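Below is one structure; the comments refer to it alone.
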Amino acid sequence: MQTPELQAFEVHPIVQWRSVPFHIQSVELNGTDLLVGTSQGQLLVYDLPEGSVGAVPSLRLTKKDFLKTSRKPPISQLLAVPELNILLCLADTYVHVHDLTTFTSLYTIERSKGTLLFAADLHVRGMPQADTHRLSETRSTLPVDRLTLQLCCIVKRRFFVFEVGRDEAKHIKDQPLPDTPQTAVWCGRKLFFGFKREYDQVEIETGRVVEVPTESTGSFDRLAVRLPNNTFALTAERDGRPVVIFKDIEGKPLTSYGIQWEDWPRAIDVYGPYILGVTDKGIEVRFNDETSKLMQLIHLDSPQFLVHGHTILAASPSALWQLHPVPYDQQIDSLLDVNRFVDAKKIEAAMPGTPEERMKRRYNMDKAHAYYEFNRKKHFKVALDLLKGIEVSPATVLRLYPWLLPKHTPAEGVPGAPQLTPQQKQEAIAALILYLTEKRTQLYKFDSKAEAPDEADKRKKLMSIVDTTLLICYVRTGSSLLRSFVRVNNHCDISESEKVLKSADKLEELVLLYQNRGLHRQALELLRSNINKTTPDPKTMDEEECKAMAQRRAKWMHAMISHLQNLKPEHVGLVVEYSSTILDIDEKQGLGIFMSKDFPNVKTFPRVPIMQHLQEHYPHLLTQYLEFVVTEWNDTSREIHTALALSYLNAVLKMKKTPPLSSPERQRLYRFLRTSDHIDASLIMRRVASAGDVLVEERAVLLGQLNRHAEALRILANDVADPSFAEDYCNDNYDPHDLDRRNLYMVLLEHYLRPASGPPKTQQALTILGKHSDKVNALKALDMLPLDTKISEIEDFLMAILTEREHTRRAVAVQANLAKTEQLQVSERRIAIHSKHFKVTEDSLCFECRKPIRTHAFAIYPCGTLVHLHCMENESTCPRHSTRGRCRLTLN
Amino acid sequence: MATRKKVLLKVIILGDSGVGKTSLMNQYVNRKFSNQYKATIGADFLTKEVTVDDRLVTMQIWDTAGQERFQSLGVAFYRGADCCVLVFDVTVPRSFESLEAWRDEFLIQASPRDPEHFPFVVLGNKVDLKDNRAITENRAKSWCDEKGNIPYFETSAKEATKVETAFLTIARAALQQEKDEDIYHDFKDAVNLDDVPDKKQDGCGC
């Protein structure tokens with residue numbers, strides 16, 4: 001059983017009758033007049049001033065002759081109607097009408113004979129649903145001249161309706177009922193009746209009866225009470241238990257819940273957040289919401305009913321009590337003292353105040369509540385949700401977690417930090433994670449454009465605190481979200497995060513965090529130290545350990561490689577610097593850093609620094625890198641090509657004996673020199689020259705690149721045994737439109753036929769002449785031939801020249817004849833066109849605009865369609881036939 | 001426990017702008033495809049009732065705007081998701097590289113109870129554009145394997161390739177996740193019961 005501690009109402013006995021021969025039968029409160037009807041037909045009038053609390057009211061008047069009868073029947077019902085200045089009173093089964101000031105009888109409604117109970121209501125003409133409840137705020141504004149008092153009298157199984165005035169009561173109607181009602185109340189132009197087994201609503205004008213559903217079938221004491229704002233409270237039954245439900249004026253339910261009671265209430269009233277019910281135990285004060293929570297139980301000796309005027313009164317046959325509401329803030333304070341936050345907040349909701357006042361009250365209560373839930377109840381999520389609701393700063397929230405953040409000490413305003421078990425700490429962190437993720441979304445969502453600079457600073461700081469704490473939370477819970485978190489956009493404080501992650505040995509995550517924040521050097525340094533730390537040492541470790549260590553190292557190396565490969569071109573310095581760590585361990589993987597096709601950034605790395613680095617520290621890897629860059633990525637830079645040529649050259653020069661041209665080393669050099677257009681030929685040339693008289697072929701190629709063709713050909717003609725090199729050279733470099741290059745074959749011939757030393761190489765010269773007769777000056781070539789050359793030896797050459805000459809001559813003749821024919825055809829067509837004529841008369845119309853051509857410029861299509869020149873849209877398409885091409889335009 | 005009660009599965013689709021999230025959803029729910037691109041603003045959802053292993057479930061598929069980052073959506077949007085679908089365009093390498101970031105964002109925002117086993121499904125969309133293909137099936141698969149065997153499907157919203165199969169897998173994964181959550185909640189309730197008498201003592205002093 002509940003024992004409520006709250007005092008929502010102070011109870012003061014104000015009237016107590018111990019030794020009087022009659023008892024209290026009915027009570028009415030009219031302004032400061034407290035009217036008491038006795039069981040012996042007397043009316044007692046007390047003064048009960050407004051604002052008096054617990055004072056015994058003074059008895060002003062005792063009207064013994066209130067009823068004009070000697071039989072002294074009990075006054076069972078009293079109702080004051082100040083608007084008409086009358087008092088209705090039920091006694092002796094009649095309704096009597098009295099003056100409300102003098103209490104003298106005005107008249108008795110004779111037709112009301114047999115009345116068991118009555119219900120009266122003020123009606124306003126033209127306002128069928130006016131809220132006329134005596135406690136309603138609108139009542140004082142009702143138009144007095146349009147008010148009528150409606151009285152309903154229950155006479156056994158029948159009801160009578162009267163319109164009551166000061167002088168007489170008009171009978172409006174009467175109607176039979178299915179049973180004798182236990183309760184009756186007006187609702188607009190209808191009446192609510194409560195019978196033993198149901199509630200009905202009767203429309204006065206039509207007499208229509210409608211049952212009001214209450215989901216209750218049992219038989220119990222029905223009670224219908226009218227409340228302000230045209231709402232009605234009805235007793236009902238749910239699962240066999242008494243409840244009070246609420247209906248609107250049409251009988252429709254207002255709430256889904258019912259107020260639950262231990263016992264059927266005899267009388268009901270509402271005040272603020274409470275509903276009061278009179279039961280055998282006394283007066284129960286409950287929350288008027290779905291909890292029906294009993295807040296106060298007022299023990300009184302057989303209370304019967306409640307009267308609500310400027311104060312609330314409870315009455316028993318021999319006593320009257322004043323129920324004085326305790327101020328809300330006092331109630332709240334007493335609830336907060338015992339940590340009843342939820343209850344306190346409900347009372348607060350009923351308090352008046354400006355939105356600011358309410359927010360302030362709410363803030364303090366929610367904050368206290370949150371601390372209580374957190375520290376005492378260990379309901380961490382509830383606590384943080386409360387704090388989130390009132391938008392306290394995250395810094396304040398974090399003060400609840402002094403054990404999580406060592407540098408934050410519990411600040412004032414926060415009750416001493418609780419001792420938490422490890423399990424509770426985990427729960428507290430879980431709640432904090434949810435809180436922080438929501439907070440950070442808010443912070444990140446914030447529109448930074450509309451923000452003052454100092455505000456922005458503050459927000460940044462806050463973001464840093466939130467994110468750093470979140471990081472700590474993830475570390476503490478061992479959550480795999482840590483890895484995701486360090487990769488998303490975050491504002492973690494780096495030095496703090498470093499400490500946390502290092503002490504938790506979350507180095508991979510620390511690397512990711514560095515990477516995320518662009519702290520590449522830190523990331524790489526950490527990776528390097530880890531690679532160094534995991535180097536297997538066969539001296540101190542056995543084979544198994546070495547293997548395990550190597551595996552760990554491989555993981556770190558992989559991390560470093562992919563980190564380097566994801567760097568931007570501007571970080572090439574770092575790439576070069578840290579690549580050594582990998583290169584020193586594994587050259588293949590190390591070189592792979594620069595030669596990956598899977599990572600788009602790698603291709604964009606500046607290549608010269610990489611080349612220089614390799615050249616300086618890993619010269620044996622240089623060629624491989626340069627070859628890759630040139631062949632796979634089609635590098636065309638001078639530096640790279642020259643370096644590759646040099647590296648090929650060095651490989652050749654390094655050999656003890658210069659290998660023949662057919663050796664692979666010289667082949668690749670020779671081929672590269674011949675094919676590359678981007679090498680610094682003079683540089684290579686100097687290197688080649690310094691090697692002495694070897695590498696003749698290469699030298700010739702280089703001379704060619706330097707446009708020193710004469711020299712090149714001299715070498716090829718004189719120093720190279722195989723004549724195909726000389727011929728290839730000429731083929732490579734011949735260009736009929738270049739002054740330097742169109743004579744190459746002639747120069748070669750000259751070297752063959754008129755050598756500076758030694759015998760002429762007539763045979764080679766003849767071969768060239770035979771193959772390339774079109775690229776040499778035939779006359780000069782013949783001139784150079786030795787006189788003893790046989791005709792048969794130069795037959796090929798001569799035949800080739802003659803054939804070529806004849807071919808040219810004939811081709812020109814054909815061309816000339818064709819041109820002549822074409823000219824004839826054109827002039828024939830011209831004559832034909834000129835010979836056509838067409839007559840333009842006054843009636844000739846433009847096909848487009850349908851106006852006469854007159855003297856305007858015009859065009860005519862072959863079919864004869866005429867248009868103005870300015871109307872013509874498309875000269876190749878006749879507008880009449882829409883044919884393409886067939887009607888070709890002719891202009892006159 | 002989840003006895004035959006009506007099940008609502010919340011599925012969230014994430015991925016870069018223009019990879020075809022909306023198209024996939026439309027193809028699956030409405031069997032329609034449009035070549036025209038219209039950027040999604042904020043987030044929107046469609047629902048579809050499907051039968052998964054003889055069980056009728058309602059899938060609530062949340063389509064998101066790829067252009068904006070998570071900030072505009074917020075925690076409430078992600079929480080309570082039963083499955084997250086990551087979509088990329090097989091012709092755009094960048095959209096594939098973003099998958100990791102989308103996954104991270106989702107996990108941090110949604111804070112699932114068991115992040116390592118939270119169901120993701122990856123869809124490589126626009127496989128009909130064979131000539132422009134930039135991400136091989138193998139590369140996508142190996143990424144999925146690395147992240148804990150995420151199911152991977154090569155889809156085309158345009159030609160309705162594998163869309164149905166993929167969403168069935170999504171529904172199944174989501175249903176499994178939802179069941180796991182239920183077990184957790186039941187467990188949680190059991191713990192809370194202990195709290196109740198305590199609360200009453202303190203709360204209203206009975």
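Following the order of the structure tokens, chains are lettered A, B, ..., residues in each are numbered from 1, and ligands are numbered from 1.
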
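Residues with any atom within 8 Å of range 166-169 of chain B, counting only C-alpha atoms and excluding same-chain neighbours fewer than 6 positions away, are Tyr28, Val52, Leu123 and Phe153 of chain B.
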
Residues of chain A within 9 Å of chain B, counting only C-alpha atoms, what are they? List them as an NGL selection string. :A and (1-5 or 295 or 338-343 or 377 or 433-434 or 437-438 or 441-442 or 444-446 or 479-489)

Restricting the output to N, CA and C atoms, write the selected residues as a short mmCIF file (atom, residue, chain, number, x, y, z; two decimals), in the first residue's frame.
data_model
loop_
_atom_site.label_atom_id
_atom_site.label_comp_id
_atom_site.auth_asym_id
_atom_site.auth_seq_id
_atom_site.Cartn_x
_atom_site.Cartn_y
_atom_site.Cartn_z
N MET A 1 0.83 -1.20 0.00
CA MET A 1 0.00 0.00 0.00
C MET A 1 0.86 1.26 0.00
N GLN A 2 0.34 2.25 -0.66
CA GLN A 2 1.11 3.50 -0.73
C GLN A 2 0.81 4.35 0.49
N THR A 3 1.81 4.97 0.98
CA THR A 3 1.59 5.97 2.04
C THR A 3 2.13 7.29 1.54
N PRO A 4 1.27 8.09 0.94
CA PRO A 4 1.75 9.35 0.37
C PRO A 4 2.28 10.26 1.46
N GLU A 5 3.35 10.92 1.14
CA GLU A 5 3.94 11.82 2.13
C GLU A 5 3.59 13.26 1.84
N MET A 295 -1.62 10.82 -4.24
CA MET A 295 -0.61 11.74 -3.72
C MET A 295 -0.86 12.07 -2.26
N VAL A 338 12.60 14.47 -1.21
CA VAL A 338 12.62 13.01 -1.14
C VAL A 338 12.85 12.42 -2.54
N ASN A 339 13.44 13.22 -3.45
CA ASN A 339 13.84 12.75 -4.78
C ASN A 339 12.68 12.26 -5.62
N ARG A 340 11.50 12.85 -5.42
CA ARG A 340 10.38 12.46 -6.27
C ARG A 340 10.28 13.45 -7.44
N PHE A 341 11.23 13.31 -8.36
CA PHE A 341 11.36 14.31 -9.44
C PHE A 341 10.20 14.26 -10.42
N VAL A 342 9.79 13.05 -10.77
CA VAL A 342 8.74 12.93 -11.78
C VAL A 342 7.46 13.59 -11.27
N ASP A 343 7.14 13.34 -9.98
CA ASP A 343 5.95 13.93 -9.40
C ASP A 343 6.08 15.45 -9.35
N LYS A 377 20.76 6.42 -8.62
CA LYS A 377 20.03 5.31 -9.20
C LYS A 377 20.86 4.55 -10.23
N ILE A 433 28.37 7.45 -24.83
CA ILE A 433 28.62 7.36 -26.27
C ILE A 433 27.39 7.82 -27.05
N LEU A 434 26.23 7.34 -26.62
CA LEU A 434 25.00 7.75 -27.32
C LEU A 434 24.82 9.26 -27.22
N THR A 437 27.52 11.09 -29.46
CA THR A 437 27.34 11.02 -30.92
C THR A 437 26.23 11.97 -31.36
N GLU A 438 25.19 12.07 -30.54
CA GLU A 438 24.12 13.00 -30.91
C GLU A 438 24.60 14.44 -30.81
N THR A 441 26.77 15.44 -33.74
CA THR A 441 25.99 15.68 -34.95
C THR A 441 25.44 17.10 -34.93
N GLN A 442 24.92 17.49 -33.77
CA GLN A 442 24.41 18.86 -33.64
C GLN A 442 25.50 19.88 -33.91
N TYR A 444 28.28 19.56 -35.53
CA TYR A 444 28.79 19.56 -36.90
C TYR A 444 27.78 20.14 -37.87
N LYS A 445 26.52 19.99 -37.52
CA LYS A 445 25.45 20.46 -38.39
C LYS A 445 25.36 21.97 -38.37
N PHE A 446 25.89 22.55 -37.33
CA PHE A 446 25.72 23.98 -37.11
C PHE A 446 26.22 24.79 -38.30
N SER A 479 35.58 -0.90 -28.12
CA SER A 479 34.66 -1.00 -29.24
C SER A 479 35.41 -0.97 -30.56
N SER A 480 34.92 -1.77 -31.51
CA SER A 480 35.55 -1.75 -32.82
C SER A 480 35.18 -0.49 -33.58
N LEU A 481 34.30 0.31 -33.00
CA LEU A 481 33.96 1.58 -33.65
C LEU A 481 35.13 2.56 -33.61
N LEU A 482 36.06 2.29 -32.71
CA LEU A 482 37.23 3.18 -32.60
C LEU A 482 37.89 3.35 -33.96
N ARG A 483 38.03 2.25 -34.66
CA ARG A 483 38.72 2.27 -35.94
C ARG A 483 37.96 3.15 -36.94
N SER A 484 36.65 3.03 -36.93
CA SER A 484 35.86 3.87 -37.82
C SER A 484 35.96 5.33 -37.39
N PHE A 485 35.94 5.52 -36.08
CA PHE A 485 35.90 6.89 -35.57
C PHE A 485 37.15 7.68 -35.94
N VAL A 486 38.32 7.04 -35.84
CA VAL A 486 39.55 7.79 -36.15
C VAL A 486 39.64 8.10 -37.64
N ARG A 487 38.82 7.44 -38.43
CA ARG A 487 38.88 7.71 -39.87
C ARG A 487 37.87 8.76 -40.32
N VAL A 488 36.78 8.96 -39.54
CA VAL A 488 35.81 9.96 -39.98
C VAL A 488 36.32 11.35 -39.60
N ASN A 489 35.66 12.33 -40.18
CA ASN A 489 35.99 13.72 -39.89
C ASN A 489 35.80 13.98 -38.39
#

>> Taking 6 positions as the minimum chain separation for residues in the same chain, which residues sit within 8 Å of range 139-145 of chain A when counting only C-alpha atoms? Answer as JSON, numbers by chain.
In response: {"A": [83, 124, 131, 132, 133]}

Could you please take those selected residues and save N, CA, C and O atoms as a CSV table (one decimal), in the first residue's frame?
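Written file, result.csv:
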chain,number,residue,atom,x,y,z
A,83,GLU,N,-26.7,35.1,-10.4
A,83,GLU,CA,-27.1,35.8,-11.6
A,83,GLU,C,-28.5,36.3,-11.5
A,83,GLU,O,-28.9,37.4,-11.9
A,124,VAL,N,-27.7,30.2,-22.0
A,124,VAL,CA,-27.6,31.5,-22.7
A,124,VAL,C,-28.3,31.3,-24.0
A,124,VAL,O,-28.0,30.4,-24.8
A,131,ASP,N,-19.9,27.6,-21.7
A,131,ASP,CA,-19.4,26.9,-20.6
A,131,ASP,C,-19.9,27.6,-19.3
A,131,ASP,O,-19.4,28.7,-19.0
A,132,THR,N,-21.0,27.1,-18.7
A,132,THR,CA,-21.6,27.8,-17.6
A,132,THR,C,-21.3,27.3,-16.2
A,132,THR,O,-21.9,27.5,-15.3
A,133,HIS,N,-20.2,26.5,-16.2
A,133,HIS,CA,-19.8,25.9,-14.9
A,133,HIS,C,-19.4,27.0,-14.0
A,133,HIS,O,-18.8,28.0,-14.4

Please return as a VMD selection string: the residues of range 568-681 of chain A that backbone DSSP assigns to alpha helix (DSSP H).
chain A and resid 572 to 585 587 to 592 600 to 604 607 to 617 619 to 632 638 to 654 664 to 675 681

Output C-alpha atoms for every residue in that selection, as a PDB file, in the first residue's frame.
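What landed in out09.pdb:
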ATOM      1  CA  VAL A 572      57.014  13.324 -52.174  1.00  0.00           C
ATOM      2  CA  GLY A 573      59.755  14.313 -49.720  1.00  0.00           C
ATOM      3  CA  LEU A 574      58.117  12.132 -47.089  1.00  0.00           C
ATOM      4  CA  VAL A 575      57.587   9.337 -49.553  1.00  0.00           C
ATOM      5  CA  VAL A 576      61.256   9.344 -50.438  1.00  0.00           C
ATOM      6  CA  GLU A 577      62.419   9.678 -46.865  1.00  0.00           C
ATOM      7  CA  TYR A 578      60.313   6.882 -45.423  1.00  0.00           C
ATOM      8  CA  SER A 579      60.586   4.561 -48.385  1.00  0.00           C
ATOM      9  CA  SER A 580      64.085   3.772 -47.110  1.00  0.00           C
ATOM     10  CA  THR A 581      62.590   1.964 -44.142  1.00  0.00           C
ATOM     11  CA  ILE A 582      60.920  -0.478 -46.496  1.00  0.00           C
ATOM     12  CA  LEU A 583      63.714  -0.544 -49.065  1.00  0.00           C
ATOM     13  CA  ASP A 584      66.229  -1.483 -46.400  1.00  0.00           C
ATOM     14  CA  ILE A 585      64.155  -4.499 -45.439  1.00  0.00           C
ATOM     15  CA  GLU A 587      63.784  -3.967 -51.959  1.00  0.00           C
ATOM     16  CA  LYS A 588      60.996  -5.429 -54.033  1.00  0.00           C
ATOM     17  CA  GLN A 589      58.283  -4.055 -51.747  1.00  0.00           C
ATOM     18  CA  GLY A 590      60.181  -0.824 -51.349  1.00  0.00           C
ATOM     19  CA  LEU A 591      60.435  -0.253 -55.043  1.00  0.00           C
ATOM     20  CA  GLY A 592      56.762  -1.214 -55.305  1.00  0.00           C
ATOM     21  CA  PRO A 600      46.171   6.682 -58.386  1.00  0.00           C
ATOM     22  CA  ASN A 601      48.359   9.060 -56.379  1.00  0.00           C
ATOM     23  CA  VAL A 602      51.515   7.089 -57.042  1.00  0.00           C
ATOM     24  CA  LYS A 603      51.488   7.965 -60.709  1.00  0.00           C
ATOM     25  CA  THR A 604      51.405  11.653 -59.845  1.00  0.00           C
ATOM     26  CA  ARG A 607      59.740  11.397 -60.360  1.00  0.00           C
ATOM     27  CA  VAL A 608      62.986  13.314 -60.237  1.00  0.00           C
ATOM     28  CA  PRO A 609      63.285  13.259 -56.414  1.00  0.00           C
ATOM     29  CA  ILE A 610      62.541   9.547 -56.414  1.00  0.00           C
ATOM     30  CA  MET A 611      65.092   8.998 -59.130  1.00  0.00           C
ATOM     31  CA  GLN A 612      67.724  10.974 -57.261  1.00  0.00           C
ATOM     32  CA  HIS A 613      66.977   9.114 -54.059  1.00  0.00           C
ATOM     33  CA  LEU A 614      67.366   5.750 -55.750  1.00  0.00           C
ATOM     34  CA  GLN A 615      70.462   6.871 -57.570  1.00  0.00           C
ATOM     35  CA  GLU A 616      72.078   7.965 -54.361  1.00  0.00           C
ATOM     36  CA  HIS A 617      71.127   5.096 -52.076  1.00  0.00           C
ATOM     37  CA  PRO A 619      71.619   2.653 -57.601  1.00  0.00           C
ATOM     38  CA  HIS A 620      70.988  -0.954 -58.557  1.00  0.00           C
ATOM     39  CA  LEU A 621      67.240  -0.338 -58.470  1.00  0.00           C
ATOM     40  CA  LEU A 622      67.326   2.805 -60.550  1.00  0.00           C
ATOM     41  CA  THR A 623      67.149   1.193 -63.995  1.00  0.00           C
ATOM     42  CA  GLN A 624      64.106  -0.858 -63.026  1.00  0.00           C
ATOM     43  CA  TYR A 625      62.264   2.211 -61.807  1.00  0.00           C
ATOM     44  CA  LEU A 626      63.135   4.317 -64.835  1.00  0.00           C
ATOM     45  CA  GLU A 627      62.188   1.568 -67.248  1.00  0.00           C
ATOM     46  CA  PHE A 628      58.828   1.219 -65.528  1.00  0.00           C
ATOM     47  CA  VAL A 629      58.151   4.937 -65.645  1.00  0.00           C
ATOM     48  CA  VAL A 630      59.090   5.226 -69.304  1.00  0.00           C
ATOM     49  CA  THR A 631      57.387   2.122 -70.617  1.00  0.00           C
ATOM     50  CA  GLU A 632      54.304   1.901 -68.358  1.00  0.00           C
ATOM     51  CA  ARG A 638      64.238  14.858 -70.369  1.00  0.00           C
ATOM     52  CA  GLU A 639      65.574  14.021 -66.915  1.00  0.00           C
ATOM     53  CA  ILE A 640      64.089  10.579 -66.810  1.00  0.00           C
ATOM     54  CA  HIS A 641      64.998   9.630 -70.352  1.00  0.00           C
ATOM     55  CA  THR A 642      68.530  10.919 -69.971  1.00  0.00           C
ATOM     56  CA  ALA A 643      68.892   9.120 -66.671  1.00  0.00           C
ATOM     57  CA  LEU A 644      67.655   5.894 -68.177  1.00  0.00           C
ATOM     58  CA  ALA A 645      70.052   6.257 -71.108  1.00  0.00           C
ATOM     59  CA  LEU A 646      72.887   6.955 -68.704  1.00  0.00           C
ATOM     60  CA  SER A 647      72.029   3.991 -66.566  1.00  0.00           C
ATOM     61  CA  TYR A 648      72.027   1.761 -69.644  1.00  0.00           C
ATOM     62  CA  LEU A 649      75.313   3.309 -70.710  1.00  0.00           C
ATOM     63  CA  ASN A 650      76.863   2.832 -67.309  1.00  0.00           C
ATOM     64  CA  ALA A 651      75.893  -0.796 -67.349  1.00  0.00           C
ATOM     65  CA  VAL A 652      77.750  -1.210 -70.594  1.00  0.00           C
ATOM     66  CA  LEU A 653      80.771   0.789 -69.526  1.00  0.00           C
ATOM     67  CA  LYS A 654      81.032  -1.093 -66.285  1.00  0.00           C
ATOM     68  CA  PRO A 664      71.635  -7.484 -74.523  1.00  0.00           C
ATOM     69  CA  GLU A 665      73.236  -4.573 -72.647  1.00  0.00           C
ATOM     70  CA  ARG A 666      74.229  -2.758 -75.807  1.00  0.00           C
ATOM     71  CA  GLN A 667      71.068  -3.694 -77.622  1.00  0.00           C
ATOM     72  CA  ARG A 668      68.838  -2.003 -75.055  1.00  0.00           C
ATOM     73  CA  LEU A 669      71.074   1.057 -74.988  1.00  0.00           C
ATOM     74  CA  TYR A 670      71.255   1.312 -78.752  1.00  0.00           C
ATOM     75  CA  ARG A 671      67.537   0.762 -79.151  1.00  0.00           C
ATOM     76  CA  PHE A 672      66.635   3.309 -76.493  1.00  0.00           C
ATOM     77  CA  LEU A 673      68.936   5.921 -78.001  1.00  0.00           C
ATOM     78  CA  ARG A 674      67.392   5.336 -81.393  1.00  0.00           C
ATOM     79  CA  THR A 675      63.754   5.476 -80.192  1.00  0.00           C
ATOM     80  CA  ALA A 681      72.080  13.739 -76.418  1.00  0.00           C
TER      81      ALA A 681
END

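For Gln27 in chain B, the list of residues within 9 Å, based on only C-alpha atoms and with local chain neighbours fewer than 2 positions off taken out, reads B:Thr22, B:Ser23, B:Leu24, B:Met25, B:Val29, B:Asn30, B:Arg31, B:Lys32, B:Phe33, B:Ala157, B:Lys158, B:Ala160, B:Val163, B:Glu164.
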
Students should find that CA of Pro325 in chain A and CA of Phe9 in chain A are spaced 4.3 Å

- Please identify all polymer residues within 10 Å of Pro213 in chain A, counting only C-alpha atoms, omitting same-chain residues fewer than 3 positions from it, and present them as an MDAnalysis selection string. chainID A and resid 198:200 210 216:217 236 251:253

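In terms of minimum interatomic distance to Leu527 in chain A, A:Met557 ranks closest within A:Met557, A:Ala504, A:Leu713, A:Val307, counting only C-alpha atoms.
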
What lies within 8 Å of Val87 in chain B using only C-alpha atoms, ignoring chain neighbours under 2 positions off, as a compact mmCIF listing (two decimals) with all heavy atoms, in the first residue's frame?
# COMPACT_ATOMS: atom_id res chain seq x y z
N ILE B 13 20.25 3.23 -47.39
CA ILE B 13 21.11 3.15 -48.57
C ILE B 13 22.06 4.34 -48.57
O ILE B 13 21.62 5.49 -48.50
CB ILE B 13 20.30 3.15 -49.87
CG1 ILE B 13 19.20 2.09 -49.80
CG2 ILE B 13 21.20 2.90 -51.05
CD1 ILE B 13 18.43 1.94 -51.09
N LEU B 14 23.36 4.05 -48.62
CA LEU B 14 24.35 5.12 -48.64
C LEU B 14 25.29 4.95 -49.83
O LEU B 14 25.45 3.85 -50.35
CB LEU B 14 25.19 5.09 -47.35
CG LEU B 14 24.46 5.30 -46.03
CD1 LEU B 14 25.42 5.11 -44.87
CD2 LEU B 14 23.86 6.67 -45.96
N GLY B 15 25.94 6.03 -50.21
CA GLY B 15 26.90 5.98 -51.30
C GLY B 15 27.05 7.36 -51.91
O GLY B 15 26.24 8.25 -51.65
N ASP B 16 28.08 7.52 -52.74
CA ASP B 16 28.34 8.81 -53.33
C ASP B 16 27.18 9.27 -54.20
O ASP B 16 26.33 8.48 -54.60
CB ASP B 16 29.61 8.74 -54.20
CG ASP B 16 30.85 8.92 -53.36
OD1 ASP B 16 30.72 8.98 -52.12
OD2 ASP B 16 31.95 8.98 -53.93
N VAL B 19 25.48 7.44 -57.82
CA VAL B 19 25.81 6.03 -58.04
C VAL B 19 24.57 5.20 -58.35
O VAL B 19 24.68 4.07 -58.81
CB VAL B 19 26.56 5.39 -56.84
CG1 VAL B 19 27.88 6.07 -56.63
CG2 VAL B 19 25.72 5.46 -55.58
N GLY B 20 23.39 5.78 -58.08
CA GLY B 20 22.16 5.07 -58.44
C GLY B 20 21.37 4.54 -57.26
O GLY B 20 20.66 3.55 -57.40
N LYS B 21 21.50 5.19 -56.12
CA LYS B 21 20.78 4.72 -54.94
C LYS B 21 19.27 4.80 -55.16
O LYS B 21 18.54 3.83 -54.94
CB LYS B 21 21.16 5.57 -53.72
CG LYS B 21 22.63 5.50 -53.36
CD LYS B 21 22.96 6.36 -52.16
CE LYS B 21 22.89 7.85 -52.44
NZ LYS B 21 23.82 8.32 -53.46
N VAL B 85 23.02 -0.49 -46.70
CA VAL B 85 23.41 -0.86 -48.05
C VAL B 85 24.39 0.19 -48.58
O VAL B 85 24.06 1.37 -48.61
CB VAL B 85 22.18 -0.93 -48.97
CG1 VAL B 85 22.58 -1.40 -50.35
CG2 VAL B 85 21.14 -1.85 -48.38
N ASP B 89 29.47 3.00 -57.93
CA ASP B 89 29.29 2.93 -59.37
C ASP B 89 30.54 2.25 -59.94
O ASP B 89 31.65 2.75 -59.74
CB ASP B 89 29.13 4.39 -59.87
CG ASP B 89 29.00 4.47 -61.38
OD1 ASP B 89 29.29 3.46 -62.06
OD2 ASP B 89 28.61 5.54 -61.86
N LEU B 99 33.55 4.02 -50.12
CA LEU B 99 32.75 3.07 -49.35
C LEU B 99 33.20 3.02 -47.89
O LEU B 99 32.40 3.02 -46.97
CB LEU B 99 32.84 1.66 -49.95
CG LEU B 99 32.14 1.45 -51.29
CD1 LEU B 99 32.19 -0.01 -51.66
CD2 LEU B 99 30.70 1.92 -51.22
N VAL B 122 26.99 -4.66 -49.99
CA VAL B 122 27.60 -3.76 -50.97
C VAL B 122 27.04 -4.05 -52.35
O VAL B 122 26.94 -5.21 -52.74
CB VAL B 122 29.13 -3.90 -50.97
CG1 VAL B 122 29.74 -3.08 -52.10
CG2 VAL B 122 29.71 -3.44 -49.63
N LEU B 123 26.66 -3.01 -53.05
CA LEU B 123 26.16 -3.16 -54.41
C LEU B 123 27.05 -2.37 -55.37
O LEU B 123 27.25 -1.18 -55.19
CB LEU B 123 24.72 -2.64 -54.54
CG LEU B 123 23.68 -3.19 -53.56
CD1 LEU B 123 22.31 -2.62 -53.88
CD2 LEU B 123 23.62 -4.70 -53.61
N GLY B 124 27.61 -3.07 -56.36
CA GLY B 124 28.34 -2.40 -57.42
C GLY B 124 27.35 -2.17 -58.56
O GLY B 124 26.97 -3.11 -59.25
N ASN B 125 26.94 -0.93 -58.73
CA ASN B 125 25.85 -0.64 -59.66
C ASN B 125 26.37 -0.24 -61.04
O ASN B 125 27.55 0.09 -61.20
CB ASN B 125 24.96 0.45 -59.07
CG ASN B 125 23.63 0.55 -59.75
OD1 ASN B 125 23.13 -0.44 -60.30
ND2 ASN B 125 23.05 1.74 -59.77
